[in-house]
Structures are given as structure tokens and as C-alpha cells.
>>> print(open('my_file.cif').read())   # mmCIF, C-alpha atoms and all ligand atoms
data_input
loop_
_atom_site.label_atom_id
_atom_site.label_comp_id
_atom_site.auth_asym_id
_atom_site.auth_seq_id
_atom_site.Cartn_x
_atom_site.Cartn_y
_atom_site.Cartn_z
CA MET R 29 -8.81 153.77 -31.39
CA ARG R 30 -8.28 151.42 -34.28
CA VAL R 31 -10.23 151.34 -37.57
CA SER R 32 -10.78 148.40 -39.87
CA GLY R 33 -13.02 146.97 -42.56
CA GLU R 34 -14.72 148.05 -45.74
CA LEU R 35 -17.75 150.30 -46.02
CA ARG R 36 -19.89 151.61 -48.84
CA VAL R 37 -21.25 155.03 -47.88
CA PRO R 38 -24.76 155.98 -49.06
CA GLY R 39 -25.37 157.54 -52.47
CA ASP R 40 -24.24 161.05 -53.27
CA LYS R 41 -26.75 163.69 -52.17
CA SER R 42 -26.05 166.18 -54.97
CA ILE R 43 -26.32 163.50 -57.66
CA SER R 44 -29.45 161.98 -56.09
CA HIS R 45 -31.30 165.33 -56.17
CA ARG R 46 -30.25 165.88 -59.77
CA ALA R 47 -31.15 162.33 -60.85
CA LEU R 48 -34.72 162.96 -59.68
CA ILE R 49 -35.00 166.46 -61.17
CA LEU R 50 -33.38 165.60 -64.52
CA GLY R 51 -35.37 162.37 -64.65
CA ALA R 52 -38.56 164.43 -64.23
CA LEU R 53 -37.52 166.81 -67.03
CA SER R 54 -36.68 163.93 -69.40
CA SER R 55 -39.05 162.14 -71.70
CA GLY R 56 -39.60 158.58 -70.48
CA PRO R 57 -38.61 156.49 -67.49
CA SER R 58 -35.19 156.71 -65.81
CA ARG R 59 -34.02 154.15 -63.29
CA VAL R 60 -31.94 155.52 -60.38
CA ARG R 61 -29.86 152.88 -58.62
CA ALA R 62 -28.44 153.41 -55.12
CA ILE R 63 -30.20 156.74 -54.65
CA LEU R 64 -29.54 158.34 -51.28
CA ARG R 65 -32.45 157.62 -48.97
CA SER R 66 -32.40 160.63 -46.72
CA ALA R 67 -34.71 163.43 -45.65
CA ASP R 68 -33.20 165.97 -48.08
CA VAL R 69 -33.61 163.79 -51.17
CA GLN R 70 -37.09 162.86 -50.00
CA SER R 71 -37.95 166.59 -50.03
CA THR R 72 -37.08 166.77 -53.73
CA ALA R 73 -39.15 163.65 -54.49
CA VAL R 74 -42.16 164.99 -52.57
CA ILE R 75 -42.04 168.30 -54.47
CA LEU R 76 -41.73 166.62 -57.86
CA ARG R 77 -44.69 164.40 -57.03
CA ALA R 78 -46.68 167.50 -56.04
CA LEU R 79 -45.97 168.81 -59.55
CA GLY R 80 -47.42 165.64 -61.07
CA VAL R 81 -44.30 163.53 -61.62
CA ARG R 82 -44.69 159.79 -61.06
CA ILE R 83 -41.81 158.41 -59.00
CA ASP R 84 -41.97 154.71 -58.18
CA ASP R 85 -39.88 153.32 -55.38
CA THR R 86 -39.40 149.58 -55.89
CA GLY R 87 -38.29 149.25 -52.29
CA SER R 88 -35.42 147.06 -53.52
CA GLY R 89 -33.02 149.96 -53.91
CA ASP R 90 -34.10 151.27 -57.32
CA VAL R 91 -36.30 154.27 -57.98
CA PHE R 92 -38.02 154.93 -61.32
CA VAL R 93 -38.74 158.50 -62.38
CA HIS R 94 -41.35 158.74 -65.13
CA GLY R 95 -40.47 162.00 -66.85
CA ALA R 96 -42.92 163.71 -69.17
CA GLY R 97 -40.59 166.54 -70.20
CA ALA R 98 -40.62 170.05 -68.76
CA ALA R 99 -44.19 170.53 -69.96
CA GLY R 100 -45.24 167.60 -67.75
CA LEU R 101 -44.75 169.70 -64.61
CA GLY R 102 -48.09 171.18 -63.52
CA ALA R 103 -49.25 173.62 -60.86
CA PRO R 104 -49.08 172.26 -57.29
CA ALA R 105 -52.26 172.15 -55.21
CA SER R 106 -50.51 173.39 -52.06
CA ASP R 107 -47.22 174.75 -50.68
CA LEU R 108 -44.04 172.89 -51.65
CA ASP R 109 -42.17 171.86 -48.49
CA ALA R 110 -38.39 171.66 -48.99
CA GLY R 111 -37.78 170.67 -45.35
CA ASN R 112 -34.11 171.30 -44.50
CA SER R 113 -32.86 171.13 -48.09
CA GLY R 114 -31.19 174.14 -49.73
CA THR R 115 -30.39 172.09 -52.83
CA THR R 116 -34.07 171.20 -53.30
CA THR R 117 -35.13 174.82 -52.90
CA ARG R 118 -32.56 176.41 -55.18
CA LEU R 119 -32.54 173.81 -57.95
CA MET R 120 -36.34 173.56 -58.03
CA SER R 121 -36.66 177.35 -58.06
CA GLY R 122 -34.86 177.30 -61.43
CA VAL R 123 -37.33 174.78 -62.83
CA LEU R 124 -40.39 176.51 -61.32
CA ALA R 125 -39.31 179.93 -62.63
CA ALA R 126 -39.79 178.59 -66.15
CA ARG R 127 -43.23 177.01 -65.72
CA PRO R 128 -46.42 179.03 -66.25
CA PHE R 129 -47.90 178.82 -62.75
CA THR R 130 -47.35 180.10 -59.25
CA SER R 131 -45.82 178.04 -56.46
CA ARG R 132 -44.83 178.78 -52.88
CA ILE R 133 -41.82 177.04 -51.31
CA VAL R 134 -41.63 176.65 -47.54
CA GLY R 135 -39.05 174.98 -45.32
CA ASP R 136 -38.00 174.29 -41.74
CA ALA R 137 -36.62 177.00 -39.43
CA SER R 138 -32.99 176.50 -40.54
CA LEU R 139 -33.81 176.58 -44.28
CA SER R 140 -36.11 179.58 -43.82
CA ARG R 141 -33.13 181.60 -42.57
CA ARG R 142 -30.96 180.83 -45.61
CA PRO R 143 -30.47 183.36 -48.45
CA MET R 144 -32.62 182.89 -51.54
CA GLN R 145 -32.05 186.22 -53.31
CA ARG R 146 -29.00 184.61 -54.86
CA VAL R 147 -31.39 182.61 -57.07
CA ALA R 148 -34.31 185.07 -57.09
CA THR R 149 -32.25 187.95 -58.52
CA PRO R 150 -30.88 186.18 -61.62
CA LEU R 151 -34.10 184.20 -62.19
CA GLY R 152 -35.96 187.53 -61.84
CA ALA R 153 -33.64 188.98 -64.48
CA MET R 154 -34.76 186.12 -66.74
CA GLY R 155 -38.40 187.18 -66.27
CA ALA R 156 -39.79 185.19 -63.32
CA VAL R 157 -41.38 187.09 -60.42
CA PHE R 158 -40.23 186.17 -56.91
CA SER R 159 -41.79 187.47 -53.71
CA PHE R 160 -40.68 187.02 -50.11
CA GLU R 161 -42.53 187.31 -46.84
CA ASN R 162 -39.43 187.41 -44.61
CA GLY R 163 -36.55 189.31 -46.18
CA ASP R 164 -34.33 186.94 -48.12
CA GLY R 165 -35.62 183.61 -46.78
CA LEU R 166 -38.51 181.22 -47.24
CA PRO R 167 -41.45 181.27 -47.73
CA MET R 168 -40.78 182.27 -51.33
CA THR R 169 -43.45 182.57 -54.01
CA ILE R 170 -42.46 182.07 -57.63
CA ALA R 171 -44.64 183.25 -60.51
CA GLY R 172 -43.06 181.48 -63.45
CA GLY R 173 -43.52 181.70 -67.17
CA ALA R 174 -41.72 182.42 -70.42
CA LEU R 175 -38.13 183.46 -69.68
CA HIS R 176 -35.42 185.14 -71.68
CA GLY R 177 -31.76 184.14 -71.87
CA LEU R 178 -29.20 185.34 -69.33
CA THR R 179 -25.50 185.99 -68.90
CA TRP R 180 -24.80 186.05 -65.16
CA PHE R 181 -21.69 186.90 -63.15
CA SER R 182 -22.34 185.17 -59.83
CA GLU R 183 -20.95 186.87 -56.70
CA THR R 184 -20.87 183.64 -54.72
CA ALA R 185 -19.25 180.42 -55.83
CA SER R 186 -22.40 178.29 -55.62
CA ALA R 187 -23.23 175.16 -57.59
CA GLN R 188 -26.81 175.56 -56.45
CA VAL R 189 -27.11 179.00 -58.07
CA LYS R 190 -25.36 177.81 -61.24
CA SER R 191 -27.61 174.75 -61.40
CA ALA R 192 -30.80 176.79 -60.86
CA LEU R 193 -29.90 178.98 -63.84
CA LEU R 194 -28.97 176.04 -66.09
CA LEU R 195 -32.22 174.28 -65.16
CA ALA R 196 -34.21 177.46 -65.86
CA GLY R 197 -32.48 177.82 -69.24
CA PHE R 198 -33.26 174.22 -70.17
CA THR R 199 -36.87 174.33 -68.96
CA ALA R 200 -37.56 177.63 -70.75
CA SER R 201 -35.45 176.70 -73.79
CA VAL R 202 -33.30 179.85 -73.62
CA PRO R 203 -29.51 180.27 -73.53
CA VAL R 204 -27.75 180.76 -70.19
CA GLU R 205 -24.16 181.65 -69.39
CA VAL R 206 -22.95 181.55 -65.76
CA HIS R 207 -19.58 182.95 -64.68
CA GLU R 208 -18.46 181.98 -61.17
CA PRO R 209 -15.79 183.49 -58.92
CA ALA R 210 -14.40 179.95 -58.34
CA ALA R 211 -15.25 176.64 -60.01
CA THR R 212 -17.96 174.66 -58.18
CA ARG R 213 -19.19 171.08 -58.47
CA ASP R 214 -20.30 170.33 -62.03
CA HIS R 215 -22.78 167.47 -61.57
CA THR R 216 -25.60 169.37 -63.28
CA GLU R 217 -23.47 169.99 -66.36
CA ARG R 218 -22.20 166.40 -66.52
CA MET R 219 -25.62 164.88 -65.98
CA MET R 220 -27.34 167.18 -68.47
CA ARG R 221 -24.67 166.44 -71.08
CA ALA R 222 -25.11 162.69 -70.54
CA ARG R 223 -28.82 163.23 -71.34
CA GLY R 224 -28.09 165.01 -74.62
CA VAL R 225 -28.35 168.65 -73.52
CA ASP R 226 -25.79 171.08 -74.95
CA VAL R 227 -24.02 172.31 -71.80
CA ARG R 228 -20.38 173.33 -71.84
CA SER R 229 -18.03 173.96 -68.93
CA GLU R 230 -14.72 175.75 -69.16
CA GLY R 231 -13.19 176.48 -65.76
CA THR R 232 -15.47 178.98 -64.06
CA LEU R 233 -17.86 179.36 -67.02
CA ALA R 234 -20.89 177.14 -67.71
CA THR R 235 -22.97 177.65 -70.86
CA LEU R 236 -26.29 176.09 -71.82
CA LEU R 237 -27.54 176.24 -75.39
CA PRO R 238 -31.27 175.58 -75.82
CA GLY R 239 -32.99 173.17 -78.13
CA GLY R 240 -33.99 169.56 -77.98
CA ALA R 241 -35.36 167.34 -75.30
CA MET R 242 -33.60 165.70 -72.40
CA ARG R 243 -33.11 161.95 -72.86
CA ALA R 244 -34.16 159.61 -70.09
CA LEU R 245 -31.11 157.84 -68.68
CA ASP R 246 -30.51 155.19 -66.03
CA VAL R 247 -28.03 156.27 -63.41
CA ASP R 248 -25.96 154.51 -60.76
CA VAL R 249 -25.44 156.95 -57.91
CA PRO R 250 -21.86 156.71 -56.57
CA GLY R 251 -21.10 157.02 -52.85
CA ASP R 252 -21.17 160.52 -51.37
CA PRO R 253 -17.65 161.92 -50.84
CA SER R 254 -19.09 164.35 -48.28
CA SER R 255 -20.30 161.36 -46.22
CA ALA R 256 -17.10 159.37 -46.89
CA ALA R 257 -15.10 162.33 -45.53
CA PHE R 258 -16.41 161.63 -42.01
CA LEU R 259 -15.12 158.07 -42.11
CA ALA R 260 -11.87 159.15 -43.72
CA ALA R 261 -11.52 161.63 -40.84
CA LEU R 262 -12.12 158.79 -38.38
CA ALA R 263 -9.32 156.81 -40.04
CA ALA R 264 -7.11 159.92 -40.02
CA LEU R 265 -7.64 160.25 -36.26
CA ALA R 266 -7.14 156.54 -35.54
CA ASP R 267 -4.10 155.18 -33.73
CA ALA R 268 -3.86 152.19 -36.07
CA GLY R 269 -5.54 150.18 -38.83
CA ASP R 270 -7.03 151.30 -42.12
CA LEU R 271 -10.48 151.79 -43.57
CA THR R 272 -11.68 150.98 -47.08
CA LEU R 273 -14.40 153.20 -48.52
CA ALA R 274 -15.79 151.62 -51.68
CA GLY R 275 -17.36 153.34 -54.68
CA VAL R 276 -16.93 156.97 -53.63
CA CYS R 277 -17.66 159.69 -56.20
CA ALA R 278 -14.27 161.11 -57.20
CA ASN R 279 -15.48 164.12 -59.18
CA PRO R 280 -12.56 166.60 -59.00
CA GLY R 281 -14.98 169.26 -57.72
CA ARG R 282 -15.82 167.14 -54.68
CA ILE R 283 -12.59 165.64 -53.35
CA GLY R 284 -10.88 168.68 -51.88
CA ALA R 285 -11.17 167.31 -48.34
CA PHE R 286 -9.25 164.16 -49.26
CA ARG R 287 -6.49 166.27 -50.83
CA VAL R 288 -6.32 168.25 -47.60
CA PHE R 289 -6.17 165.07 -45.51
CA GLU R 290 -3.24 163.97 -47.68
CA ARG R 291 -1.56 167.34 -47.16
CA MET R 292 -2.02 166.91 -43.39
CA GLY R 293 -0.17 163.60 -43.61
CA VAL R 294 -2.96 161.01 -43.95
CA ARG R 295 -2.22 158.13 -46.33
CA ILE R 296 -4.97 157.61 -48.93
CA GLY R 297 -4.83 154.91 -51.60
CA TRP R 298 -7.02 155.68 -54.64
CA GLU R 299 -8.00 152.29 -56.09
CA ASP R 300 -10.40 150.86 -58.70
CA MET R 301 -10.95 154.18 -60.47
CA SER R 302 -13.99 153.80 -62.74
CA ASP R 303 -16.57 155.92 -64.50
CA SER R 304 -20.35 155.73 -64.37
CA GLY R 305 -22.73 158.12 -66.13
CA GLY R 306 -19.97 160.70 -66.56
CA GLU R 307 -18.97 160.64 -62.88
CA PRO R 308 -15.67 159.08 -61.80
CA SER R 309 -15.58 156.98 -58.65
CA ALA R 310 -12.87 155.24 -56.63
CA THR R 311 -12.27 153.00 -53.65
CA LEU R 312 -10.32 154.85 -50.99
CA VAL R 313 -8.07 153.13 -48.47
CA VAL R 314 -7.39 155.53 -45.63
CA ALA R 315 -4.75 155.02 -42.95
CA PRO R 316 -3.52 157.27 -40.15
CA ARG R 317 -0.16 159.02 -40.03
CA ALA R 318 1.11 161.88 -37.84
CA LEU R 319 -1.10 164.89 -38.62
CA LYS R 320 0.11 168.41 -39.25
CA GLY R 321 -1.87 171.63 -39.70
CA THR R 322 -2.51 173.21 -43.08
CA THR R 323 -3.91 176.27 -44.86
CA ILE R 324 -7.11 176.33 -46.94
CA GLU R 325 -7.94 179.35 -49.10
CA ALA R 326 -10.84 180.57 -51.26
CA ALA R 327 -10.04 178.74 -54.52
CA GLU R 328 -10.10 175.36 -52.77
CA VAL R 329 -13.20 176.04 -50.68
CA PRO R 330 -15.97 174.96 -53.13
CA SER R 331 -14.37 171.50 -53.44
CA LEU R 332 -14.65 170.92 -49.68
CA ILE R 333 -17.32 173.37 -48.51
CA ASP R 334 -19.43 170.72 -46.73
CA GLU R 335 -16.34 169.04 -45.25
CA LEU R 336 -15.00 172.06 -43.36
CA PRO R 337 -16.63 171.11 -40.02
CA VAL R 338 -14.94 167.70 -40.03
CA LEU R 339 -11.66 169.17 -41.30
CA ALA R 340 -11.78 171.53 -38.31
CA CYS R 341 -12.25 168.55 -35.97
CA VAL R 342 -9.29 166.72 -37.53
CA ALA R 343 -7.24 169.93 -37.22
CA ALA R 344 -7.91 169.87 -33.47
CA ARG R 345 -5.70 166.75 -33.34
CA ALA R 346 -3.01 167.93 -35.79
CA GLU R 347 0.33 169.40 -34.86
CA GLY R 348 0.35 173.17 -35.30
CA GLU R 349 -2.18 175.54 -36.73
CA THR R 350 -4.84 175.07 -39.44
CA ARG R 351 -6.14 178.28 -41.00
CA VAL R 352 -9.21 178.45 -43.26
CA THR R 353 -10.10 181.68 -45.10
CA GLY R 354 -12.37 182.56 -48.02
CA ALA R 355 -15.13 180.37 -46.55
CA GLY R 356 -17.71 183.03 -45.57
CA GLU R 357 -20.37 180.83 -47.22
CA LEU R 358 -20.15 178.59 -44.15
CA ARG R 359 -22.14 181.21 -42.27
CA VAL R 360 -25.22 180.57 -44.42
CA LYS R 361 -25.28 176.77 -44.49
CA GLU R 362 -27.68 174.64 -42.40
CA SER R 363 -26.25 176.66 -39.48
CA ASP R 364 -23.58 179.35 -39.12
CA ARG R 365 -20.89 176.69 -39.35
CA ILE R 366 -18.04 179.07 -38.49
CA ALA R 367 -19.66 180.09 -35.21
CA LEU R 368 -20.91 176.61 -34.31
CA VAL R 369 -17.72 174.75 -35.16
CA VAL R 370 -15.59 177.16 -33.14
CA ARG R 371 -18.02 177.33 -30.22
CA ASN R 372 -18.24 173.54 -30.02
CA LEU R 373 -14.49 173.01 -30.38
CA LYS R 374 -13.99 175.38 -27.45
CA ALA R 375 -16.78 173.65 -25.50
CA VAL R 376 -14.90 170.34 -25.66
CA GLY R 377 -11.55 171.94 -24.77
CA ALA R 378 -9.91 172.57 -28.16
CA ASP R 379 -8.16 175.77 -29.19
CA ALA R 380 -10.11 177.51 -31.97
CA GLU R 381 -10.95 181.01 -33.08
CA GLU R 382 -13.40 182.56 -35.54
CA LEU R 383 -12.35 184.65 -38.52
CA PRO R 384 -14.96 186.62 -40.48
CA ASP R 385 -14.62 184.17 -43.37
CA GLY R 386 -13.17 181.08 -41.74
CA PHE R 387 -11.43 179.88 -38.60
CA VAL R 388 -8.13 178.96 -37.01
CA VAL R 389 -7.68 175.71 -35.08
CA ARG R 390 -4.55 174.86 -33.06
CA GLY R 391 -4.18 171.15 -32.51
CA SER R 392 -3.32 169.30 -29.30
CA ASP R 393 -3.54 165.84 -27.79
CA ARG R 394 -5.35 166.89 -24.63
CA PRO R 395 -8.63 165.10 -23.76
CA LEU R 396 -11.60 166.59 -25.64
CA GLN R 397 -14.73 166.23 -23.58
CA GLY R 398 -18.10 167.89 -23.26
CA ARG R 399 -21.44 168.46 -24.91
CA VAL R 400 -21.89 169.66 -28.48
CA GLU R 401 -24.86 171.76 -29.60
CA THR R 402 -25.56 170.94 -33.22
CA GLY R 403 -28.29 173.50 -33.89
CA GLY R 404 -29.89 170.59 -35.79
CA ASP R 405 -27.03 170.68 -38.31
CA HIS R 406 -26.24 167.15 -39.57
CA ARG R 407 -22.63 167.90 -40.49
CA ILE R 408 -21.85 169.41 -37.07
CA ALA R 409 -23.26 166.27 -35.42
CA MET R 410 -21.18 163.92 -37.59
CA ALA R 411 -17.95 165.96 -37.36
CA PHE R 412 -18.05 165.93 -33.56
CA GLY R 413 -19.22 162.32 -33.54
CA VAL R 414 -15.97 161.44 -35.29
CA LEU R 415 -13.87 163.55 -32.91
CA GLY R 416 -15.61 161.94 -29.95
CA ALA R 417 -14.87 158.43 -31.27
CA ALA R 418 -11.11 159.12 -31.45
CA THR R 419 -8.79 158.39 -28.56
CA GLY R 420 -9.11 161.04 -25.84
CA GLY R 421 -12.62 162.02 -26.90
CA ALA R 422 -15.75 161.86 -24.73
CA ILE R 423 -18.25 164.01 -26.58
CA GLU R 424 -22.01 164.07 -26.21
CA ILE R 425 -24.05 165.26 -29.20
CA ASP R 426 -27.32 167.02 -28.32
CA ASP R 427 -29.26 165.86 -31.41
CA PRO R 428 -27.70 162.75 -32.98
CA ALA R 429 -30.86 162.08 -35.04
CA CYS R 430 -30.30 165.15 -37.24
CA VAL R 431 -27.90 163.07 -39.40
CA SER R 432 -31.02 161.73 -41.19
CA VAL R 433 -30.83 164.72 -43.53
CA SER R 434 -27.87 163.29 -45.44
CA TYR R 435 -26.54 160.09 -43.81
CA PRO R 436 -29.17 158.15 -41.83
CA SER R 437 -26.87 155.16 -41.17
CA PHE R 438 -23.97 157.32 -39.95
CA TRP R 439 -23.89 156.20 -36.32
CA ALA R 440 -24.04 152.51 -37.29
CA ASP R 441 -21.28 152.96 -39.90
CA LEU R 442 -19.12 154.81 -37.37
CA ALA R 443 -19.53 152.01 -34.83
CA ASN R 444 -18.71 149.37 -37.47
CA ALA R 445 -15.56 151.18 -38.59
CA VAL R 446 -14.11 151.23 -35.09
CA ALA R 447 -12.45 147.84 -34.71
C1 LIG B 1 -24.66 171.54 -53.37
C2 LIG B 1 -23.85 172.64 -53.44
C3 LIG B 1 -23.24 173.26 -52.26
C4 LIG B 1 -23.25 172.32 -51.06
C5 LIG B 1 -24.57 171.63 -50.88
C6 LIG B 1 -24.94 170.84 -52.11
C7 LIG B 1 -25.26 171.03 -54.63
O1 LIG B 1 -23.96 174.42 -51.93
O2 LIG B 1 -22.90 173.03 -49.89
O3 LIG B 1 -24.53 170.76 -49.77
O4 LIG B 1 -25.77 169.90 -54.65
O5 LIG B 1 -25.23 171.76 -55.63
P1 LIG B 1 -23.62 175.84 -52.65
O6 LIG B 1 -23.60 175.56 -54.09
O7 LIG B 1 -24.74 176.76 -52.30
O8 LIG B 1 -22.31 176.26 -52.08
#
>>> encode(input="my_file.cif", output="C-alpha cells")
Amino acid sequence: MRVSGELRVPGDKSISHRALILGALSSGPSRVRAILRSADVQSTAVILRALGVRIDDTGSGDVFVHGAGAAGLGAPASDLDAGNSGTTTRLMSGVLAARPFTSRIVGDASLSRRPMQRVATPLGAMGAVFSFENGDGLPMTIAGGALHGLTWFSETASAQVKSALLLAGFTASVPVEVHEPAATRDHTERMMRARGVDVRSEGTLATLLPGGAMRALDVDVPGDPSSAAFLAALAALADAGDLTLAGVCANPGRIGAFRVFERMGVRIGWEDMSDSGGEPSATLVVAPRALKGTTIEAAEVPSLIDELPVLACVAARAEGETRVTGAGELRVKESDRIALVVRNLKAVGADAEELPDGFVVRGSDRPLQGRVETGGDHRIAMAFGVLGAATGGAIEIDDPACVSVSYPSFWADLANAVA
């Protein structure tokens, strides 16, 4: 298989969610260019609209969010449906905790199984009242109101938890300090700072100081590195050629997978580095080389958490062993990604084994053939789609449409990249 050409992957999912939420909390209109048009981001837009925020979609690529400040968010008339989106649920729970009304968040079967105490406990400590009908998952009812400040030592390295607390602190106008076990993506901090909010980050500590309004700001959403990673993986697995991925967000907290590809032997050129709205971006030129296995440990995990399924698929074609540890969070993503990745690798004939907090994959060049069960998980579908497109692969994906959550044009982009 040979790759060629230049592609621009869709807008970053994390930044798209935040552009809508921060736009809603700002005073005045914010234009969002190149927002990701996917089911997850749509869930955030639908919820904000249900709270009274006007969001105009020009249809030409730009979206306008008409923020009326935190006080502009009013009680919803019905349940808020977050669909499949953990980011929507957790970030919005921070905002809702600080507003004086009750709301109930629901989601699909996968989201309803995911842990929400991680936001409910600290937001409860700030003064909001959370109640659950099914253990730790959705539906979740939030009775919000005046909050007090919080210093929180998070047990899990989670940008969603950190962001929920920073958003609660801003919305309630109280100070918040979040200590994390490992540094996670800092889009919320960067984007709040760009809008005039006093948020500081130092390594694993994020601090928000209250006071003042959030300024409306136009934003250009860079390409999603988590989507670009699938195409970079395709180039890594190719026999020849190279692939250019233009305008990819190069936030240091998001590019761990590309660093790992480089460690495995892949050649990546980082070109046209630029900066937009506080987020760096770059054009990546990815070309195959002989692949060798590698080791990924806890400190690196947050910078590539969503890319571990595709890294596992690339490892199946690398020489030697790839060992991932410190990634127990994978068990509570859109699916149990440790179990599903390993089960599917075995189903197509690769050598893989589960660890409690990660996995081991031993690479080979034998044919990889069979049917993959995605459990409706978009990143499982795309990871195995890439593996199936490489030489020696004949892989059927049970639910290819589930990519609509984060990367609706994935299958077309994959086909275009294969020369
Ligand atoms: C995200 C953070 C990560 C990531 C998710 C998006 C975000 O989740 O897996 O896809 O936008 O903050 P955690 O912070 O829960 O690890």
C-alpha cells in the first residue's frame, strides 16, 4: 500500500466543544471558523441552545455563538441529551453546577456507563447537589447555585475534570485550584486566558482567579491531532509514499502519538509551525520507515490517550514488543478500549495481551484478517480501518458509521490517502 497527497483533517474536537461553551459564557458574538461538524460537537450545541444560547450556523463553515455571559444561561425545559459525548457531559456539568436551576443530563448507552462521580464529587464539594439514578453514570441531575472556591487533588489525570472545575469557578466567580497526577491537555486554560480570564498553568497545577467577564473572541479551529493520528498511522504502515496533513493542532499536550510514531521509526516532518488563538499548529509530512516496538508509560498517556487504539494497531506491524502501562483510563472511554483493542487484534490474527492498565502487542507481518466488533466506538472503528487498509490486511468493521462521532469524513479521507 502506498500513500500520497495532502489532507486537512476536520477541526479539533476538544477545541470545538470549548469554542461553543466559552463563546456562550462570553459577552457578545464569537465567530468559530472550521468547527468540527460531528455528532459529539452537535451534542454540546444542542445543550447550549436548550439553555437559551443563540448559535447561528451560516452553513458556509462558520458558526456564530451569541454569548450573554454566564447569567444568560437559563433553566432547560427538558432533559439535556449529551449523546455519546463525555466531553459535553463533564464540561457542561461544571457550568450547570454554578447556575441556579436544576438540569438532568442523559446520554446513549455507552455514555451512560461512563463514570461521572469524578466531576460530581468535586463540584459537590463546591456546593452543587448531584444525584444519580444508576450508580456513577447518567442520567445525572444537577441542582446548581452559588458555589464556593475549591482546591482539588484529582486522582485521575483528566482534562475533562480539570475543565469542569475551571468552568464552575468562572461561572460562579470563585477561585479554583486543580492539581493533577499528570499534566493533561490545556485547551480550557489557553482559551480562557485568550478571552481575558485569569487562569494560570504550571505543570500539573491549574489555577483560576475570579473576577471580570469573558471576552468574546473569534477562533480558527485547527485540525484535530487525534483524527490526524489515524492518517499518520496509515502512512506509518504504508510500503511507500508520504502523506501531508495540513494545519494540525500541535499543542504539546496532544501530540504524544506523533512522538511515539517517531520513536517507532516513522519519519515526520514538522512544517509551517504557526499559532492561532493561543494554539500552535503545524503541517505534518509523514513517511514510512521500518517500525520497531516501544514502551509507553503513565506520564506520557494523557498526551496520547485517544490514540492508543491506533498505536496498538501500528504496533501489530512493528518489529518486537510494544508495552503500554498506566493507561487504566482506557477502560472507561467510549468502550473498554483495553479489552476491545486486544480482543479485536486477536480476532484478526495479531498477538496481543491485556494488562490491568494497558496492553502488550507483539508485531508480525502475517496477514491480518477477520471481523472487528467496535462496540459502537469510533476510535476502534478507525484504528482497525487503518490496519485493514495496510498491506496484508482484510478487515471488516461491524459498524463503520460510528465514526460520525468525531470524524464523519474518515472513510473518504482514508480512501483518498491510499494512492
Ligand atoms: C478530552 C479529554 C480526554 C479525551 C477526550 C477529550 C477533552 O478525556 O479522552 O476525548 O476534550 O478534554 P479525559 O480528560 O477524561 O481523559
>>> residues_around(input="my_file.cif", residues="R:His45", least_positions_apart="3", cutoff="10 Å", atoms="all atoms listed in the file", output="PyMOL selection string")
chain R and resi 40-42+48-51+63-64+68-73+115-116+119-120+216
>>> closest_atom_pairs(input="my_file.cif", of="chain R", to="ligand LIG 1 (chain B)", cutoff="6 Å", atoms="only C-alpha atoms and all ligand atoms", output="CSV")
residue,atom,partner,partner_atom,distance
R:Ser42,CA,B:LIG1,O4,3.7
R:Thr115,CA,B:LIG1,O4,5.4
R:Ser186,CA,B:LIG1,O6,3.4
R:Ala187,CA,B:LIG1,O6,3.5
R:Gln188,CA,B:LIG1,O6,4.0
R:Ile333,CA,B:LIG1,O2,5.8
R:Asp334,CA,B:LIG1,O2,5.2
>>> write_last_selection(input="my_file.cif", atoms="C-alpha atoms", output="short mmCIF file (atom, residue, chain, number, x, y, z; two decimals), in the coordinates of the input")
data_model
loop_
_atom_site.label_atom_id
_atom_site.label_comp_id
_atom_site.auth_asym_id
_atom_site.auth_seq_id
_atom_site.Cartn_x
_atom_site.Cartn_y
_atom_site.Cartn_z
CA SER R 42 -26.05 166.18 -54.97
CA THR R 115 -30.39 172.09 -52.83
CA SER R 186 -22.40 178.29 -55.62
CA ALA R 187 -23.23 175.16 -57.59
CA GLN R 188 -26.81 175.56 -56.45
CA ILE R 333 -17.32 173.37 -48.51
CA ASP R 334 -19.43 170.72 -46.73
#
>>> residues_around(input="my_file.cif", residues="R:Ile43", least_positions_apart="3", cutoff="12 Å", atoms="only C-alpha atoms", output="count of residues only")
42
>>> closest_residue(input="my_file.cif", among="R:Ile83, R:Ala200, R:Val314, R:Leu259", to="R:Tyr435", atoms="all atoms listed in the file")
R:Leu259
>>> closest_residue(input="my_file.cif", among="R:Leu336, R:Leu236, R:Glu349, R:Cys341", to="R:Ile366", atoms="all atoms listed in the file")
R:Leu336
>>> residues_around(input="my_file.cif", residues="stretch 316-332 of chain R", least_positions_apart="3", cutoff="7 Å", atoms="all atoms listed in the file", output="number ranges by chain")
R: 185, 210, 212-213, 263-268, 281-285, 292-295, 335-336, 343, 346-355
>>> residues_around(input="my_file.cif", residues="stretch 98-109 of chain R", least_positions_apart="4", cutoff="10 Å", atoms="only C-alpha atoms", output="number ranges by chain")
R: 50, 52-55, 71-72, 74-81, 113, 116-117, 123-124, 126-136, 167-169, 198-201, 241-242
>>> residues_around(input="my_file.cif", residues="R:Gly269", least_positions_apart="2", cutoff="6 Å", atoms="only C-alpha atoms", output="PyMOL selection string")
chain R and resi 30-32
>>> atom_distance(input="my_file.cif", atom1="atom CA of R:Ala148", atom2="atom CA of R:Leu175")
13.3 Å
>>> residues_near_point(input="my_file.cif", point="(-38.3, 154.8, -59.0)", cutoff="9 Å", atoms="all atoms listed in the file", output="VMD selection string")
chain R and resid 48 57 to 61 82 to 87 89 to 94
>>> atom_distance(input="my_file.cif", atom1="atom CA of R:Gly231", atom2="atom CA of R:Ala211")
6.1 Å
>>> closest_residue(input="my_file.cif", among="R:Leu195, R:Val276, R:Gly224, R:Ala340", to="R:Val288", atoms="all atoms listed in the file")
R:Ala340
>>> closest_residue(input="my_file.cif", among="R:Ala411, R:Asp226, R:Val370, R:Gly177", to="R:Ala260", atoms="all atoms listed in the file")
R:Ala411
